[in-house]
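Below: the structure, in structure tokens.
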Amino acid sequence: MDGRIMNDGYVGFSIIYDHATSSNQILWLFSVFGGIIMCKIAYELTGIISPLVYKGFIKLENKQKLEWKNRGFSTFHALFAAIGSMYFLVFSDLFDEHTKEELLVNRSSVSSDALLGMSIGYFFSDLAMIIWTYPTLGGLEYLLHHGLSLFAIVQSLLSGQVQFYILIVLFTEITTPFVNLRWYLDVAGKKNSTLYLLNGVAMFVGWLVARVILFVFFFYHIYTHFDQVKLVYYPMGYYTLLTIPPMLAVMNLFWFWKIAKGMMKTLTKLRKSS
């Protein structure tokens, strides 16, 4: 048994070694730093544009200004990652099972590597800010979410495997702009506005589709393609695929319960006032 584990480990590291060509290493390095720079630019632009859009930004406390700008680059990455993931999953033929003989779990491309690398840059930047300002930008649940996401994406990038599943999870970031807008409206004192209500409904529907129903498809796809999943020769990557998504799914269900509870509370107040 020990010999088999050692052999699987050797094959796994061999796959990473073969995938990590000099050109790929340069691409990964530039994409990760590109993601960090993207976050920095979006952070600074948010600080410049926000006073022009919301006059009360100047009067906010320093902690609120920090989180306001942090959510600015969070929103930018969410849109970037969701659009990029949708392209590879829906419009590109990279993961089309009818066009290629290569196993789905082994497919990757230069552009998909670049997307994962930039997302690593984002998660690294955001995680660093969360730790540096803890607990201003989030508690342990954010550290856990970002840590698990970063761990899984790095493995997928280095091995070139299971990118199909990583991109599905990355697409769930599409809900982040709604979450951030809710926070912006709350801080701006717009909790009673129509926009706040509509955004709450959109956040509920988006979370249900992208972080609940999509995860059901995620696990169903793994089940129906488990013959390929078993061929993920990088042991840590294989076990990561079987453990981290369920943990993220549980977190998503917990947050969905809180979102649903908050929306019902808002709708109840609206019904009573009318």
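Chain labels run A, B, ... following the order of the structure tokens; each chain numbers its residues from 1, and ligands are numbered from 1 in the order shown.
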Subject >> segment 10-236 of chain A: residues DSSP assigns to helix (DSSP H, G or I), reported as a ChimeraX atom specification >> reply: /A:10-19,22-53,55-59,62-91,104-106,110-132,140-159,163-187,194-224,226-229,235-236
Return as a Markdown table the residues of segment 63-119 of chain A lying at most 12 Å from segment 40-50 of chain A, together with the closest atom-to-atom pair for each and the distance in Å to one decimal, counting only C-alpha atoms, with rows in chain order and ascending residue number.
```
| residue | atom | partner | partner_atom | distance |
| --- | --- | --- | --- | --- |
| A:Gln64 | CA | A:Gly47 | CA | 11.5 |
| A:Lys65 | CA | A:Gly47 | CA | 7.9 |
| A:Leu66 | CA | A:Gly47 | CA | 9.0 |
| A:Glu67 | CA | A:Tyr43 | CA | 9.9 |
| A:Trp68 | CA | A:Thr46 | CA | 7.9 |
| A:Lys69 | CA | A:Tyr43 | CA | 5.1 |
| A:Asn70 | CA | A:Tyr43 | CA | 6.1 |
| A:Arg71 | CA | A:Tyr43 | CA | 8.2 |
| A:Gly72 | CA | A:Thr46 | CA | 5.7 |
| A:Phe73 | CA | A:Ala42 | CA | 4.9 |
| A:Ser74 | CA | A:Ala42 | CA | 8.6 |
| A:Thr75 | CA | A:Ala42 | CA | 9.1 |
| A:Phe76 | CA | A:Ala42 | CA | 7.1 |
| A:His77 | CA | A:Ala42 | CA | 9.0 |
| A:Phe80 | CA | A:Ala42 | CA | 11.9 |
```
For the selection just defined, write its residues with all heavy atoms to a file, as a short mmCIF file (atom, residue, chain, number, x, y, z; two decimals), in the first residue's frame.
```
data_model
loop_
_atom_site.label_atom_id
_atom_site.label_comp_id
_atom_site.auth_asym_id
_atom_site.auth_seq_id
_atom_site.Cartn_x
_atom_site.Cartn_y
_atom_site.Cartn_z
N GLN A 64 -14.34 52.03 7.13
CA GLN A 64 -15.36 51.90 6.10
C GLN A 64 -14.80 52.22 4.72
O GLN A 64 -15.14 51.55 3.74
CB GLN A 64 -16.55 52.81 6.42
CG GLN A 64 -17.36 52.38 7.62
CD GLN A 64 -18.50 53.32 7.93
OE1 GLN A 64 -18.32 54.55 7.92
NE2 GLN A 64 -19.67 52.78 8.20
N LYS A 65 -13.94 53.22 4.65
CA LYS A 65 -13.29 53.56 3.38
C LYS A 65 -12.42 52.41 2.89
O LYS A 65 -12.39 52.09 1.71
CB LYS A 65 -12.45 54.83 3.52
CG LYS A 65 -13.25 56.10 3.68
CD LYS A 65 -12.32 57.31 3.81
CE LYS A 65 -13.12 58.60 3.96
NZ LYS A 65 -12.23 59.79 4.12
N LEU A 66 -11.72 51.78 3.83
CA LEU A 66 -10.87 50.64 3.50
C LEU A 66 -11.71 49.51 2.92
O LEU A 66 -11.37 48.94 1.86
CB LEU A 66 -10.13 50.16 4.75
CG LEU A 66 -9.30 48.88 4.61
CD1 LEU A 66 -8.08 49.13 3.72
CD2 LEU A 66 -8.86 48.36 5.98
N GLU A 67 -12.80 49.17 3.60
CA GLU A 67 -13.65 48.08 3.11
C GLU A 67 -14.35 48.46 1.82
O GLU A 67 -14.55 47.62 0.94
CB GLU A 67 -14.68 47.70 4.18
CG GLU A 67 -15.52 46.50 3.79
CD GLU A 67 -16.32 45.93 4.93
OE1 GLU A 67 -16.19 46.43 6.07
OE2 GLU A 67 -17.10 44.97 4.69
N TRP A 68 -14.72 49.73 1.68
CA TRP A 68 -15.37 50.20 0.46
C TRP A 68 -14.48 49.96 -0.75
O TRP A 68 -14.92 49.43 -1.78
CB TRP A 68 -15.68 51.70 0.60
CG TRP A 68 -16.52 52.30 -0.49
CD1 TRP A 68 -16.14 52.49 -1.80
CD2 TRP A 68 -17.86 52.78 -0.38
NE1 TRP A 68 -17.16 53.07 -2.51
CE2 TRP A 68 -18.23 53.26 -1.66
CE3 TRP A 68 -18.78 52.86 0.66
CZ2 TRP A 68 -19.49 53.82 -1.92
CZ3 TRP A 68 -20.03 53.42 0.41
CH2 TRP A 68 -20.38 53.88 -0.86
N LYS A 69 -13.21 50.33 -0.63
CA LYS A 69 -12.27 50.16 -1.74
C LYS A 69 -11.91 48.69 -1.93
O LYS A 69 -11.70 48.24 -3.06
CB LYS A 69 -11.01 51.00 -1.49
CG LYS A 69 -11.28 52.50 -1.55
CD LYS A 69 -10.02 53.33 -1.47
CE LYS A 69 -9.44 53.33 -0.08
NZ LYS A 69 -8.26 54.25 0.04
N ASN A 70 -11.84 47.95 -0.83
CA ASN A 70 -11.58 46.51 -0.93
C ASN A 70 -12.68 45.81 -1.71
O ASN A 70 -12.42 44.95 -2.56
CB ASN A 70 -11.46 45.91 0.47
CG ASN A 70 -11.32 44.40 0.47
OD1 ASN A 70 -12.32 43.69 0.51
ND2 ASN A 70 -10.11 43.91 0.41
N ARG A 71 -13.92 46.18 -1.46
CA ARG A 71 -15.04 45.59 -2.18
C ARG A 71 -15.05 46.04 -3.64
O ARG A 71 -15.66 45.39 -4.49
CB ARG A 71 -16.35 45.95 -1.49
CG ARG A 71 -16.56 45.22 -0.17
CD ARG A 71 -17.86 45.61 0.51
NE ARG A 71 -18.04 44.94 1.79
CZ ARG A 71 -18.63 43.76 1.95
NH1 ARG A 71 -19.14 43.14 0.89
NH2 ARG A 71 -18.75 43.22 3.14
N GLY A 72 -14.38 47.15 -3.92
CA GLY A 72 -14.27 47.60 -5.31
C GLY A 72 -13.48 46.62 -6.15
O GLY A 72 -13.92 46.20 -7.23
N PHE A 73 -12.31 46.21 -5.68
CA PHE A 73 -11.53 45.26 -6.48
C PHE A 73 -12.09 43.84 -6.36
O PHE A 73 -11.88 43.00 -7.24
CB PHE A 73 -10.03 45.34 -6.17
CG PHE A 73 -9.54 44.71 -4.90
CD1 PHE A 73 -9.48 43.33 -4.75
CD2 PHE A 73 -9.07 45.50 -3.86
CE1 PHE A 73 -8.99 42.75 -3.60
CE2 PHE A 73 -8.57 44.92 -2.69
CZ PHE A 73 -8.54 43.55 -2.56
N SER A 74 -12.83 43.58 -5.28
CA SER A 74 -13.53 42.30 -5.16
C SER A 74 -14.59 42.16 -6.25
O SER A 74 -14.73 41.11 -6.87
CB SER A 74 -14.18 42.19 -3.77
OG SER A 74 -15.06 41.09 -3.71
N THR A 75 -15.33 43.25 -6.48
CA THR A 75 -16.36 43.25 -7.52
C THR A 75 -15.74 43.09 -8.90
O THR A 75 -16.25 42.34 -9.74
CB THR A 75 -17.18 44.55 -7.46
OG1 THR A 75 -17.82 44.65 -6.19
CG2 THR A 75 -18.23 44.60 -8.56
N PHE A 76 -14.64 43.80 -9.13
CA PHE A 76 -13.98 43.73 -10.44
C PHE A 76 -13.50 42.31 -10.72
O PHE A 76 -13.72 41.79 -11.82
CB PHE A 76 -12.79 44.70 -10.48
CG PHE A 76 -12.13 44.78 -11.83
CD1 PHE A 76 -12.61 45.63 -12.80
CD2 PHE A 76 -11.04 43.97 -12.13
CE1 PHE A 76 -12.02 45.70 -14.06
CE2 PHE A 76 -10.43 44.03 -13.38
CZ PHE A 76 -10.92 44.90 -14.34
N HIS A 77 -12.88 41.68 -9.74
CA HIS A 77 -12.40 40.31 -9.95
C HIS A 77 -13.56 39.36 -10.17
O HIS A 77 -13.49 38.44 -10.99
CB HIS A 77 -11.59 39.81 -8.75
CG HIS A 77 -11.37 38.33 -8.78
ND1 HIS A 77 -12.17 37.45 -8.06
CD2 HIS A 77 -10.47 37.55 -9.46
CE1 HIS A 77 -11.77 36.21 -8.30
NE2 HIS A 77 -10.74 36.24 -9.13
N PHE A 80 -14.71 39.64 -13.68
CA PHE A 80 -13.64 39.12 -14.55
C PHE A 80 -13.62 37.59 -14.51
O PHE A 80 -13.59 36.93 -15.55
CB PHE A 80 -12.30 39.69 -14.09
CG PHE A 80 -11.11 39.05 -14.75
CD1 PHE A 80 -10.72 39.43 -16.03
CD2 PHE A 80 -10.36 38.08 -14.10
CE1 PHE A 80 -9.62 38.85 -16.65
CE2 PHE A 80 -9.26 37.48 -14.70
CZ PHE A 80 -8.89 37.88 -15.98
#
```
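Our summary of the geometry notes that atom CA of Gln228 of chain A is positioned 21.6 Å from atom CA of Phe151 of chain A.
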Could you give me, as a tab-separated table, every segment 186-245 of chain A residue with an atom at most 10 Å from segment 132-149 of chain A, plus its closest atom pair and distance in Å to one decimal, counting only C-alpha atoms, rows ordered by chain then number?
```
residue	atom	partner	partner_atom	distance
A:Thr240	CA	A:Leu148	CA	9.2
A:Ile244	CA	A:Leu148	CA	6.7
A:Pro245	CA	A:Leu148	CA	9.1
```
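Comparing A:Phe95, A:Tyr196, A:Tyr165, A:Tyr220 by their smallest distance to Leu181 of chain A, the closest is A:Tyr196 (using only C-alpha atoms).
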